[in-house]
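Next comes work-v6.txt, a file with compact mmCIF, N, CA, C and O atoms.
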```txt
# COMPACT_ATOMS: atom_id res chain seq x y z
N TYR Y 1348 0.84 -1.18 0.00
CA TYR Y 1348 0.00 0.00 0.00
C TYR Y 1348 0.88 1.24 0.00
O TYR Y 1348 0.81 2.08 0.88
N SER Y 1349 1.72 1.34 -1.00
CA SER Y 1349 2.64 2.46 -1.06
C SER Y 1349 2.41 3.32 -2.31
O SER Y 1349 3.29 4.07 -2.70
N HIS Y 1350 1.28 3.23 -2.88
CA HIS Y 1350 1.00 3.94 -4.11
C HIS Y 1350 -0.08 5.01 -3.88
O HIS Y 1350 0.19 6.20 -3.96
N GLU Y 1351 -1.26 4.58 -3.56
CA GLU Y 1351 -2.40 5.49 -3.43
C GLU Y 1351 -2.20 6.59 -2.39
O GLU Y 1351 -2.50 7.75 -2.67
N PRO Y 1352 -1.69 6.28 -1.19
CA PRO Y 1352 -1.59 7.35 -0.19
C PRO Y 1352 -0.60 8.46 -0.57
O PRO Y 1352 -0.59 9.51 0.06
N TYR Y 1353 0.19 8.25 -1.57
CA TYR Y 1353 1.17 9.24 -1.97
C TYR Y 1353 0.81 9.84 -3.32
O TYR Y 1353 0.67 11.06 -3.46
N ILE Y 1354 0.66 9.03 -4.33
CA ILE Y 1354 0.41 9.53 -5.68
C ILE Y 1354 -0.99 10.11 -5.80
O ILE Y 1354 -1.17 11.24 -6.25
N ALA Y 1355 -1.99 9.38 -5.36
CA ALA Y 1355 -3.37 9.87 -5.47
C ALA Y 1355 -3.62 11.05 -4.56
O ALA Y 1355 -4.31 12.01 -4.94
N VAL Y 1356 -3.07 11.02 -3.36
CA VAL Y 1356 -3.31 12.11 -2.41
C VAL Y 1356 -2.69 13.41 -2.92
O VAL Y 1356 -3.33 14.47 -2.86
N LEU Y 1357 -1.48 13.37 -3.45
CA LEU Y 1357 -0.89 14.60 -3.98
C LEU Y 1357 -1.68 15.13 -5.17
O LEU Y 1357 -1.84 16.34 -5.33
N ARG Y 1358 -2.20 14.24 -5.97
CA ARG Y 1358 -3.06 14.68 -7.09
C ARG Y 1358 -4.31 15.36 -6.54
O ARG Y 1358 -4.71 16.42 -7.01
N PHE Y 1359 -4.92 14.76 -5.55
CA PHE Y 1359 -6.13 15.35 -4.96
C PHE Y 1359 -5.84 16.72 -4.37
O PHE Y 1359 -6.57 17.68 -4.60
N TRP Y 1360 -4.76 16.82 -3.58
CA TRP Y 1360 -4.43 18.11 -2.97
C TRP Y 1360 -4.18 19.17 -4.03
O TRP Y 1360 -4.53 20.34 -3.83
N THR Y 1361 -3.60 18.79 -5.16
CA THR Y 1361 -3.38 19.73 -6.25
C THR Y 1361 -4.71 20.24 -6.78
O THR Y 1361 -4.93 21.45 -6.90
N PHE Y 1362 -5.63 19.32 -7.10
CA PHE Y 1362 -6.93 19.71 -7.65
C PHE Y 1362 -7.78 20.46 -6.63
O PHE Y 1362 -8.56 21.33 -6.99
N ALA Y 1363 -7.65 20.11 -5.36
CA ALA Y 1363 -8.45 20.74 -4.31
C ALA Y 1363 -7.86 22.07 -3.86
O ALA Y 1363 -8.45 22.75 -3.00
N GLY Y 1364 -6.69 22.44 -4.39
CA GLY Y 1364 -6.05 23.68 -3.99
C GLY Y 1364 -5.57 23.65 -2.54
O GLY Y 1364 -5.57 24.67 -1.86
N GLN Y 1365 -5.16 22.47 -2.08
CA GLN Y 1365 -4.76 22.30 -0.68
C GLN Y 1365 -3.26 22.10 -0.49
O GLN Y 1365 -2.83 21.69 0.58
N LEU Y 1366 -2.46 22.41 -1.50
CA LEU Y 1366 -1.02 22.21 -1.38
C LEU Y 1366 -0.41 23.05 -0.25
O LEU Y 1366 0.45 22.57 0.49
N ASP Y 1367 -0.85 24.27 -0.10
CA ASP Y 1367 -0.33 25.11 0.99
C ASP Y 1367 -0.71 24.54 2.35
O ASP Y 1367 0.10 24.54 3.27
N GLU Y 1368 -1.92 24.06 2.44
CA GLU Y 1368 -2.42 23.51 3.71
C GLU Y 1368 -1.60 22.31 4.17
O GLU Y 1368 -1.41 22.09 5.36
N TYR Y 1369 -1.13 21.51 3.23
CA TYR Y 1369 -0.40 20.29 3.54
C TYR Y 1369 1.08 20.37 3.17
O TYR Y 1369 1.74 19.35 2.98
N ALA Y 1370 1.60 21.57 3.09
CA ALA Y 1370 2.98 21.79 2.62
C ALA Y 1370 4.00 20.96 3.39
O ALA Y 1370 4.97 20.47 2.80
N ASP Y 1371 3.80 20.78 4.68
CA ASP Y 1371 4.76 20.01 5.48
C ASP Y 1371 4.79 18.53 5.11
O ASP Y 1371 5.80 17.85 5.31
N GLU Y 1372 3.67 18.02 4.59
CA GLU Y 1372 3.58 16.60 4.25
C GLU Y 1372 4.05 16.28 2.83
O GLU Y 1372 4.33 15.12 2.51
N ILE Y 1373 4.10 17.28 1.99
CA ILE Y 1373 4.37 17.05 0.57
C ILE Y 1373 5.73 16.40 0.31
O ILE Y 1373 5.79 15.41 -0.44
N PRO Y 1374 6.83 16.87 0.89
CA PRO Y 1374 8.13 16.24 0.57
C PRO Y 1374 8.16 14.74 0.89
O PRO Y 1374 8.65 13.94 0.09
N GLY Y 1375 7.63 14.35 2.03
CA GLY Y 1375 7.62 12.93 2.39
C GLY Y 1375 6.73 12.11 1.47
O GLY Y 1375 7.09 11.00 1.07
N ARG Y 1376 5.57 12.64 1.14
CA ARG Y 1376 4.68 11.92 0.23
C ARG Y 1376 5.26 11.84 -1.17
O ARG Y 1376 5.12 10.84 -1.85
N ARG Y 1377 5.90 12.92 -1.60
CA ARG Y 1377 6.53 12.89 -2.93
C ARG Y 1377 7.64 11.84 -2.98
O ARG Y 1377 7.75 11.08 -3.93
N LYS Y 1378 8.47 11.78 -1.92
CA LYS Y 1378 9.53 10.78 -1.88
C LYS Y 1378 8.95 9.36 -1.92
O LYS Y 1378 9.40 8.52 -2.69
N ARG Y 1379 7.95 9.11 -1.10
CA ARG Y 1379 7.36 7.76 -1.06
C ARG Y 1379 6.64 7.42 -2.36
O ARG Y 1379 6.67 6.28 -2.81
N GLY Y 1380 6.01 8.40 -2.98
CA GLY Y 1380 5.39 8.17 -4.29
C GLY Y 1380 6.42 7.84 -5.34
O GLY Y 1380 6.24 6.92 -6.15
N ASN Y 1381 7.53 8.58 -5.34
CA ASN Y 1381 8.62 8.27 -6.28
C ASN Y 1381 9.23 6.91 -5.99
O ASN Y 1381 9.59 6.18 -6.93
N ASP Y 1382 9.34 6.54 -4.72
CA ASP Y 1382 9.83 5.20 -4.38
C ASP Y 1382 8.91 4.13 -4.96
O ASP Y 1382 9.38 3.13 -5.52
N ALA Y 1383 7.60 4.33 -4.84
CA ALA Y 1383 6.64 3.37 -5.38
C ALA Y 1383 6.76 3.28 -6.90
O ALA Y 1383 6.75 2.18 -7.48
N LEU Y 1384 6.90 4.42 -7.55
CA LEU Y 1384 7.06 4.43 -9.01
C LEU Y 1384 8.37 3.75 -9.43
O LEU Y 1384 8.42 3.06 -10.45
N ASP Y 1385 9.41 3.90 -8.63
CA ASP Y 1385 10.68 3.24 -8.92
C ASP Y 1385 10.55 1.72 -8.80
O ASP Y 1385 11.13 0.98 -9.60
N VAL Y 1386 9.79 1.25 -7.81
CA VAL Y 1386 9.55 -0.19 -7.67
C VAL Y 1386 8.78 -0.70 -8.89
O VAL Y 1386 9.11 -1.76 -9.44
N MET Y 1387 7.80 0.06 -9.31
CA MET Y 1387 7.04 -0.33 -10.50
C MET Y 1387 7.97 -0.39 -11.72
O MET Y 1387 7.90 -1.35 -12.51
N GLU Y 1388 8.80 0.62 -11.88
CA GLU Y 1388 9.72 0.67 -13.02
C GLU Y 1388 10.63 -0.55 -13.04
O GLU Y 1388 10.84 -1.18 -14.08
N GLU Y 1389 11.17 -0.89 -11.89
CA GLU Y 1389 12.08 -2.04 -11.81
C GLU Y 1389 11.36 -3.34 -12.16
O GLU Y 1389 11.88 -4.17 -12.90
N HIS Y 1390 10.15 -3.53 -11.63
CA HIS Y 1390 9.39 -4.76 -11.94
C HIS Y 1390 9.06 -4.82 -13.43
O HIS Y 1390 9.20 -5.88 -14.05
N LEU Y 1391 8.62 -3.71 -13.98
CA LEU Y 1391 8.20 -3.70 -15.38
C LEU Y 1391 9.38 -3.77 -16.35
O LEU Y 1391 9.18 -4.00 -17.54
N ARG Y 1392 10.57 -3.62 -15.85
CA ARG Y 1392 11.76 -3.82 -16.68
C ARG Y 1392 11.84 -5.28 -17.14
O ARG Y 1392 12.35 -5.57 -18.22
N GLU Y 1393 11.32 -6.18 -16.33
CA GLU Y 1393 11.41 -7.62 -16.61
C GLU Y 1393 10.08 -8.24 -17.01
O GLU Y 1393 10.05 -9.40 -17.40
N SER Y 1394 8.98 -7.52 -16.86
CA SER Y 1394 7.66 -8.11 -17.11
C SER Y 1394 6.75 -7.08 -17.78
O SER Y 1394 6.80 -5.90 -17.47
N ARG Y 1395 5.91 -7.55 -18.68
CA ARG Y 1395 4.98 -6.65 -19.37
C ARG Y 1395 3.83 -6.22 -18.47
O ARG Y 1395 3.25 -5.17 -18.65
N PHE Y 1396 3.48 -7.06 -17.50
CA PHE Y 1396 2.39 -6.79 -16.58
C PHE Y 1396 2.83 -7.16 -15.16
O PHE Y 1396 3.92 -7.66 -14.96
N PHE Y 1397 1.97 -6.94 -14.17
CA PHE Y 1397 2.41 -7.10 -12.79
C PHE Y 1397 2.35 -8.52 -12.25
O PHE Y 1397 3.13 -8.87 -11.37
N VAL Y 1398 1.44 -9.35 -12.73
CA VAL Y 1398 1.33 -10.70 -12.19
C VAL Y 1398 1.23 -11.71 -13.33
O VAL Y 1398 0.46 -11.51 -14.28
N ALA Y 1399 2.00 -12.75 -13.23
CA ALA Y 1399 1.93 -13.88 -14.17
C ALA Y 1399 2.12 -13.47 -15.62
O ALA Y 1399 1.61 -14.12 -16.53
N ALA Y 1400 2.82 -12.36 -15.86
CA ALA Y 1400 3.14 -11.88 -17.21
C ALA Y 1400 1.90 -11.70 -18.09
O ALA Y 1400 1.96 -11.82 -19.30
N ARG Y 1401 0.76 -11.43 -17.43
CA ARG Y 1401 -0.45 -11.18 -18.22
C ARG Y 1401 -1.30 -10.10 -17.55
O ARG Y 1401 -1.21 -9.88 -16.35
N TYR Y 1402 -2.11 -9.46 -18.31
CA TYR Y 1402 -2.99 -8.39 -17.87
C TYR Y 1402 -3.98 -8.92 -16.85
O TYR Y 1402 -4.59 -9.96 -17.05
N SER Y 1403 -4.12 -8.17 -15.74
CA SER Y 1403 -5.05 -8.60 -14.69
C SER Y 1403 -5.47 -7.41 -13.84
O SER Y 1403 -5.04 -6.28 -14.08
N ILE Y 1404 -6.25 -7.66 -12.82
CA ILE Y 1404 -6.65 -6.62 -11.88
C ILE Y 1404 -5.42 -5.97 -11.24
O ILE Y 1404 -5.46 -4.80 -10.84
N ALA Y 1405 -4.33 -6.70 -11.17
CA ALA Y 1405 -3.09 -6.15 -10.62
C ALA Y 1405 -2.54 -5.02 -11.49
O ALA Y 1405 -1.71 -4.25 -11.04
N ASP Y 1406 -3.00 -4.91 -12.71
CA ASP Y 1406 -2.64 -3.81 -13.60
C ASP Y 1406 -3.71 -2.72 -13.59
O ASP Y 1406 -3.39 -1.53 -13.62
N ILE Y 1407 -4.95 -3.13 -13.54
CA ILE Y 1407 -6.05 -2.17 -13.59
C ILE Y 1407 -6.01 -1.24 -12.38
O ILE Y 1407 -6.14 -0.02 -12.52
N ALA Y 1408 -5.81 -1.79 -11.20
CA ALA Y 1408 -5.85 -0.98 -9.97
C ALA Y 1408 -4.77 0.11 -9.94
O ALA Y 1408 -5.09 1.28 -9.76
N PRO Y 1409 -3.49 -0.21 -10.14
CA PRO Y 1409 -2.50 0.86 -10.09
C PRO Y 1409 -2.53 1.80 -11.29
O PRO Y 1409 -2.07 2.93 -11.21
N TYR Y 1410 -3.09 1.33 -12.40
CA TYR Y 1410 -3.21 2.19 -13.58
C TYR Y 1410 -4.01 3.45 -13.26
O TYR Y 1410 -3.68 4.55 -13.72
N ALA Y 1411 -5.04 3.30 -12.45
CA ALA Y 1411 -5.97 4.40 -12.18
C ALA Y 1411 -5.25 5.70 -11.82
O ALA Y 1411 -5.55 6.75 -12.39
N TYR Y 1412 -4.31 5.64 -10.90
CA TYR Y 1412 -3.61 6.86 -10.51
C TYR Y 1412 -2.24 7.00 -11.15
O TYR Y 1412 -1.73 8.12 -11.25
N THR Y 1413 -1.66 5.92 -11.62
CA THR Y 1413 -0.34 6.04 -12.24
C THR Y 1413 -0.42 6.82 -13.54
O THR Y 1413 0.44 7.66 -13.81
N HIS Y 1414 -1.44 6.58 -14.34
CA HIS Y 1414 -1.50 7.27 -15.64
C HIS Y 1414 -1.75 8.77 -15.51
O HIS Y 1414 -1.55 9.51 -16.48
N VAL Y 1415 -2.13 9.23 -14.33
CA VAL Y 1415 -2.30 10.67 -14.11
C VAL Y 1415 -1.38 11.17 -12.99
O VAL Y 1415 -1.60 12.24 -12.42
N ALA Y 1416 -0.34 10.43 -12.69
CA ALA Y 1416 0.59 10.81 -11.62
C ALA Y 1416 1.20 12.19 -11.86
O ALA Y 1416 1.46 12.93 -10.90
N HIS Y 1417 1.40 12.55 -13.11
CA HIS Y 1417 1.96 13.87 -13.43
C HIS Y 1417 1.09 15.00 -12.89
O HIS Y 1417 1.57 16.07 -12.58
N GLU Y 1418 -0.21 14.75 -12.75
CA GLU Y 1418 -1.12 15.77 -12.23
C GLU Y 1418 -0.90 16.04 -10.74
O GLU Y 1418 -1.38 17.03 -10.22
N GLY Y 1419 -0.16 15.15 -10.09
CA GLY Y 1419 0.22 15.35 -8.70
C GLY Y 1419 1.67 15.77 -8.56
O GLY Y 1419 2.22 15.79 -7.47
N GLY Y 1420 2.31 16.04 -9.69
CA GLY Y 1420 3.68 16.52 -9.68
C GLY Y 1420 4.73 15.44 -9.82
O GLY Y 1420 5.92 15.70 -9.60
N PHE Y 1421 4.35 14.24 -10.22
CA PHE Y 1421 5.31 13.16 -10.41
C PHE Y 1421 5.76 13.12 -11.86
O PHE Y 1421 4.94 13.20 -12.77
N ASP Y 1422 7.05 12.99 -12.06
CA ASP Y 1422 7.63 12.96 -13.40
C ASP Y 1422 7.81 11.51 -13.84
O ASP Y 1422 8.58 10.77 -13.24
N LEU Y 1423 7.09 11.13 -14.87
CA LEU Y 1423 7.19 9.76 -15.39
C LEU Y 1423 8.11 9.66 -16.59
O LEU Y 1423 8.36 8.57 -17.08
N SER Y 1424 8.65 10.77 -17.05
CA SER Y 1424 9.41 10.77 -18.30
C SER Y 1424 10.64 9.87 -18.26
O SER Y 1424 11.03 9.32 -19.29
N SER Y 1425 11.25 9.70 -17.12
CA SER Y 1425 12.43 8.83 -17.04
C SER Y 1425 12.08 7.38 -16.72
O SER Y 1425 12.96 6.52 -16.72
N ARG Y 1426 10.83 7.13 -16.49
CA ARG Y 1426 10.37 5.76 -16.17
C ARG Y 1426 9.76 5.15 -17.44
O ARG Y 1426 8.55 5.07 -17.59
N LEU Y 1427 10.65 4.73 -18.32
CA LEU Y 1427 10.23 4.27 -19.64
C LEU Y 1427 9.38 3.01 -19.58
O LEU Y 1427 8.45 2.84 -20.38
N HIS Y 1428 9.68 2.12 -18.65
CA HIS Y 1428 8.91 0.88 -18.54
C HIS Y 1428 7.53 1.13 -17.96
O HIS Y 1428 6.56 0.51 -18.39
N VAL Y 1429 7.42 2.05 -17.04
CA VAL Y 1429 6.10 2.45 -16.52
C VAL Y 1429 5.31 3.09 -17.66
O VAL Y 1429 4.12 2.79 -17.84
N GLY Y 1430 5.94 3.95 -18.43
CA GLY Y 1430 5.26 4.58 -19.55
C GLY Y 1430 4.75 3.57 -20.58
O GLY Y 1430 3.62 3.68 -21.07
N ALA Y 1431 5.58 2.59 -20.90
CA ALA Y 1431 5.17 1.55 -21.86
C ALA Y 1431 4.03 0.72 -21.29
O ALA Y 1431 3.09 0.35 -22.01
N TRP Y 1432 4.09 0.44 -19.99
CA TRP Y 1432 3.01 -0.31 -19.32
C TRP Y 1432 1.72 0.49 -19.36
O TRP Y 1432 0.65 -0.06 -19.65
N ILE Y 1433 1.78 1.80 -19.08
CA ILE Y 1433 0.59 2.65 -19.15
C ILE Y 1433 -0.04 2.54 -20.53
O ILE Y 1433 -1.25 2.38 -20.68
N ASP Y 1434 0.79 2.60 -21.57
CA ASP Y 1434 0.28 2.49 -22.94
C ASP Y 1434 -0.36 1.13 -23.18
O ASP Y 1434 -1.42 1.04 -23.81
N ARG Y 1435 0.27 0.05 -22.69
CA ARG Y 1435 -0.30 -1.30 -22.87
C ARG Y 1435 -1.65 -1.42 -22.20
O ARG Y 1435 -2.60 -1.98 -22.77
N VAL Y 1436 -1.75 -0.90 -20.98
CA VAL Y 1436 -3.02 -0.99 -20.25
C VAL Y 1436 -4.07 -0.10 -20.93
O VAL Y 1436 -5.22 -0.53 -21.11
N ALA Y 1437 -3.70 1.10 -21.32
CA ALA Y 1437 -4.64 2.01 -21.98
C ALA Y 1437 -5.19 1.43 -23.27
O ALA Y 1437 -6.33 1.73 -23.65
N ASP Y 1438 -4.39 0.60 -23.94
CA ASP Y 1438 -4.81 0.01 -25.22
C ASP Y 1438 -5.74 -1.19 -25.07
O ASP Y 1438 -6.24 -1.70 -26.06
N ARG Y 1439 -5.98 -1.63 -23.85
CA ARG Y 1439 -6.87 -2.78 -23.64
C ARG Y 1439 -8.30 -2.38 -24.00
O ARG Y 1439 -8.74 -1.26 -23.71
N PRO Y 1440 -9.03 -3.28 -24.62
CA PRO Y 1440 -10.43 -2.97 -24.98
C PRO Y 1440 -11.25 -2.56 -23.76
O PRO Y 1440 -11.19 -3.20 -22.71
N GLY Y 1441 -11.95 -1.46 -23.89
CA GLY Y 1441 -12.83 -1.01 -22.82
C GLY Y 1441 -12.16 -0.24 -21.70
O GLY Y 1441 -12.84 0.24 -20.79
N MET Y 1442 -10.83 -0.09 -21.74
CA MET Y 1442 -10.13 0.61 -20.66
C MET Y 1442 -10.44 2.10 -20.75
O MET Y 1442 -10.36 2.70 -21.81
N LEU Y 1443 -10.80 2.68 -19.63
CA LEU Y 1443 -11.06 4.10 -19.53
C LEU Y 1443 -10.08 4.72 -18.56
O LEU Y 1443 -9.74 4.12 -17.54
N GLY Y 1444 -9.67 5.93 -18.84
CA GLY Y 1444 -8.83 6.67 -17.91
C GLY Y 1444 -9.70 7.50 -16.98
O GLY Y 1444 -10.91 7.65 -17.19
N ILE Y 1445 -9.11 8.05 -15.95
CA ILE Y 1445 -9.86 8.88 -15.01
C ILE Y 1445 -10.56 10.02 -15.73
O ILE Y 1445 -11.72 10.32 -15.45
N GLU Y 1446 -9.88 10.64 -16.67
CA GLU Y 1446 -10.46 11.75 -17.39
C GLU Y 1446 -11.68 11.34 -18.21
O GLU Y 1446 -12.55 12.15 -18.49
N ASP Y 1447 -11.75 10.06 -18.59
CA ASP Y 1447 -12.90 9.56 -19.36
C ASP Y 1447 -14.09 9.25 -18.47
O ASP Y 1447 -15.22 9.28 -18.92
N THR Y 1448 -13.84 8.96 -17.21
CA THR Y 1448 -14.91 8.53 -16.32
C THR Y 1448 -15.42 9.63 -15.41
O THR Y 1448 -16.58 9.67 -15.08
N PHE Y 1449 -14.54 10.52 -15.00
CA PHE Y 1449 -14.93 11.55 -14.03
C PHE Y 1449 -14.63 12.96 -14.53
O PHE Y 1449 -14.65 13.89 -13.74
N GLY Y 1450 -14.27 13.09 -15.77
CA GLY Y 1450 -13.98 14.41 -16.29
C GLY Y 1450 -12.66 15.00 -15.82
O GLY Y 1450 -12.45 16.19 -15.86
N GLY Y 1451 -11.75 14.12 -15.36
CA GLY Y 1451 -10.42 14.58 -14.98
C GLY Y 1451 -10.27 14.97 -13.60
O GLY Y 1451 -10.51 15.15 -12.62
```
How would this structure read if it were set down as C-alpha cells?
Amino acid sequence: YSHEPYIAVLRFWTFAGQLDEYADEIPGRRKRGNDALDVMEEHLRESRFFVAARYSIADIAPYAYTHVAHEGGFDLSSRLHVGAWIDRVADRPGMLGIEDTFGG
C-alpha cells in the first residue's frame, strides 16, 4: 500500500487547492510516491504486466492513478517501462482513464 496514499493524495491536494495547507507533508509523500514508481519501473523492466506476465486486476488498480501521476507533480518521463506499461493498459479494450470517467 505504497501507491495510493502518496500519488493519489498529492493529485487530490493539487486539484483541491490544498497544497499550501499540507505543505509540510508534501516532501515525504513525494519521496514515497517516487519510491513506489521506482519499484514499478524495476518490476516492469522484466515483465509486461504485474502478475503472471499477463494483464489482470493487478494492472487495472495501479493504472488508475499512475497514468495521471503527473497531475500530482510526479515525473514519469524517465520511467520508460512504466510509460510503456501505461500504454499497454490504456490500449486494452474497454479501458477508460480517469479523465474519461470523471472528467479529470
- Query: Which residues in segment 1363-1431 of chain Y does DSSP call helix (DSSP H, G or I)? List them as a PyMOL selection string.
  - Reply: chain Y and resi 1363+1373-1393+1404-1413+1416-1419+1427-1431
- Query: What gap, in Å, lies between atom CA of Pro1374 of chain Y and atom CA of Phe1362 of chain Y?
  - Reply: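 Interatomic distance, atom CA of Pro1374 of chain Y to atom CA of Phe1362 of chain Y: 17.5 Å.
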- Query: Just how far from atom N of Pro1409 of chain Y is atom O of Ala1355 of chain Y, in Å to one decimal?
  - Reply: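 Interatomic distance, atom O of Ala1355 of chain Y to atom N of Pro1409 of chain Y: 13.3 Å.
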- Could you pull the residues within 8 Å of Ile1407 of chain Y, counting only N, CA, C and O atoms, minus those fewer than 6 positions along the same chain, as a list in words? Phe1397, Thr1413, Val1436 and Leu1443 of chain Y
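Nearest to His1390 of chain Y of all the residues Y:Tyr1410, Y:Arg1358, Y:Asp1367, Y:Val1429 is Y:Val1429, based on all atoms listed in the file.
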- In Å, rounded to a single decimal, give me how far atom CA of Trp1432 of chain Y is from atom CA of Ala1363 of chain Y.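 The value is 28.3 Å.
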- Message: Set the distance at 8 Å and use all atoms listed in the file: which residues neighbour segment 1376-1387 of chain Y once local chain neighbours fewer than 2 positions away are removed? I'd like the list as a PyMOL selection string.
- Response: chain Y and resi 1349-1355+1357+1369+1371-1374+1389-1394+1396-1397+1419-1422+1426+1428-1429
- Item | Among listed residues Y:Ala1416, Y:Val1356, Y:Ala1411, Y:Leu1423, nearest Gly1444 of chain Y (using only C-alpha atoms) |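 That would be Y:Ala1411, the residue with the smallest distance to Gly1444 of chain Y.
Distance annotation: of Y:Asp1406, Y:Glu1368, Y:Glu1388, Y:Ala1399, the residue with the minimal separation from Arg1439 of chain Y is Y:Asp1406; atom set is only C-alpha atoms.
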Output segment 1396-1403 of chain Y with all heavy atoms present, as a tab-separated table (two decimals), keeping the file's coordinate frame.
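Here's the written file part.tsv:
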```tsv
chain	number	residue	atom	x	y	z
Y	1396	PHE	N	3.48	-7.06	-17.50
Y	1396	PHE	CA	2.39	-6.79	-16.58
Y	1396	PHE	C	2.83	-7.16	-15.16
Y	1396	PHE	O	3.92	-7.66	-14.96
Y	1396	PHE	CB	1.13	-7.57	-16.99
Y	1396	PHE	CG	0.61	-7.15	-18.35
Y	1396	PHE	CD1	0.81	-7.95	-19.46
Y	1396	PHE	CD2	-0.06	-5.95	-18.51
Y	1396	PHE	CE1	0.34	-7.55	-20.71
Y	1396	PHE	CE2	-0.52	-5.54	-19.76
Y	1396	PHE	CZ	-0.32	-6.35	-20.87
Y	1397	PHE	N	1.97	-6.94	-14.17
Y	1397	PHE	CA	2.41	-7.10	-12.79
Y	1397	PHE	C	2.35	-8.52	-12.25
Y	1397	PHE	O	3.13	-8.87	-11.37
Y	1397	PHE	CB	1.65	-6.16	-11.86
Y	1397	PHE	CG	2.25	-4.79	-11.88
Y	1397	PHE	CD1	1.64	-3.75	-12.55
Y	1397	PHE	CD2	3.46	-4.54	-11.26
Y	1397	PHE	CE1	2.22	-2.49	-12.59
Y	1397	PHE	CE2	4.06	-3.29	-11.30
Y	1397	PHE	CZ	3.43	-2.28	-11.96
Y	1398	VAL	N	1.44	-9.35	-12.73
Y	1398	VAL	CA	1.33	-10.70	-12.19
Y	1398	VAL	C	1.23	-11.71	-13.33
Y	1398	VAL	O	0.46	-11.51	-14.28
Y	1398	VAL	CB	0.08	-10.83	-11.28
Y	1398	VAL	CG1	-0.09	-12.26	-10.78
Y	1398	VAL	CG2	0.18	-9.88	-10.09
Y	1399	ALA	N	2.00	-12.75	-13.23
Y	1399	ALA	CA	1.93	-13.88	-14.17
Y	1399	ALA	C	2.12	-13.47	-15.62
Y	1399	ALA	O	1.61	-14.12	-16.53
Y	1399	ALA	CB	0.62	-14.65	-13.99
Y	1400	ALA	N	2.82	-12.36	-15.86
Y	1400	ALA	CA	3.14	-11.88	-17.21
Y	1400	ALA	C	1.90	-11.70	-18.09
Y	1400	ALA	O	1.96	-11.82	-19.30
Y	1400	ALA	CB	4.14	-12.81	-17.88
Y	1401	ARG	N	0.76	-11.43	-17.43
Y	1401	ARG	CA	-0.45	-11.18	-18.22
Y	1401	ARG	C	-1.30	-10.10	-17.55
Y	1401	ARG	O	-1.21	-9.88	-16.35
Y	1401	ARG	CB	-1.26	-12.45	-18.43
Y	1401	ARG	CG	-1.77	-13.08	-17.17
Y	1401	ARG	CD	-2.41	-14.44	-17.48
Y	1401	ARG	NE	-2.63	-15.14	-16.25
Y	1401	ARG	CZ	-3.80	-15.29	-15.67
Y	1401	ARG	NH1	-4.88	-14.79	-16.22
Y	1401	ARG	NH2	-3.91	-15.94	-14.54
Y	1402	TYR	N	-2.11	-9.46	-18.31
Y	1402	TYR	CA	-2.99	-8.39	-17.87
Y	1402	TYR	C	-3.98	-8.92	-16.85
Y	1402	TYR	O	-4.59	-9.96	-17.05
Y	1402	TYR	CB	-3.70	-7.83	-19.09
Y	1402	TYR	CG	-4.71	-6.76	-18.84
Y	1402	TYR	CD1	-4.29	-5.48	-18.48
Y	1402	TYR	CD2	-6.06	-7.00	-19.01
Y	1402	TYR	CE1	-5.22	-4.48	-18.28
Y	1402	TYR	CE2	-6.99	-6.00	-18.81
Y	1402	TYR	CZ	-6.57	-4.74	-18.44
Y	1402	TYR	OH	-7.48	-3.75	-18.24
Y	1403	SER	N	-4.12	-8.17	-15.74
Y	1403	SER	CA	-5.05	-8.60	-14.69
Y	1403	SER	C	-5.47	-7.41	-13.84
Y	1403	SER	O	-5.04	-6.28	-14.08
Y	1403	SER	CB	-4.40	-9.66	-13.79
Y	1403	SER	OG	-3.41	-9.06	-12.97
```
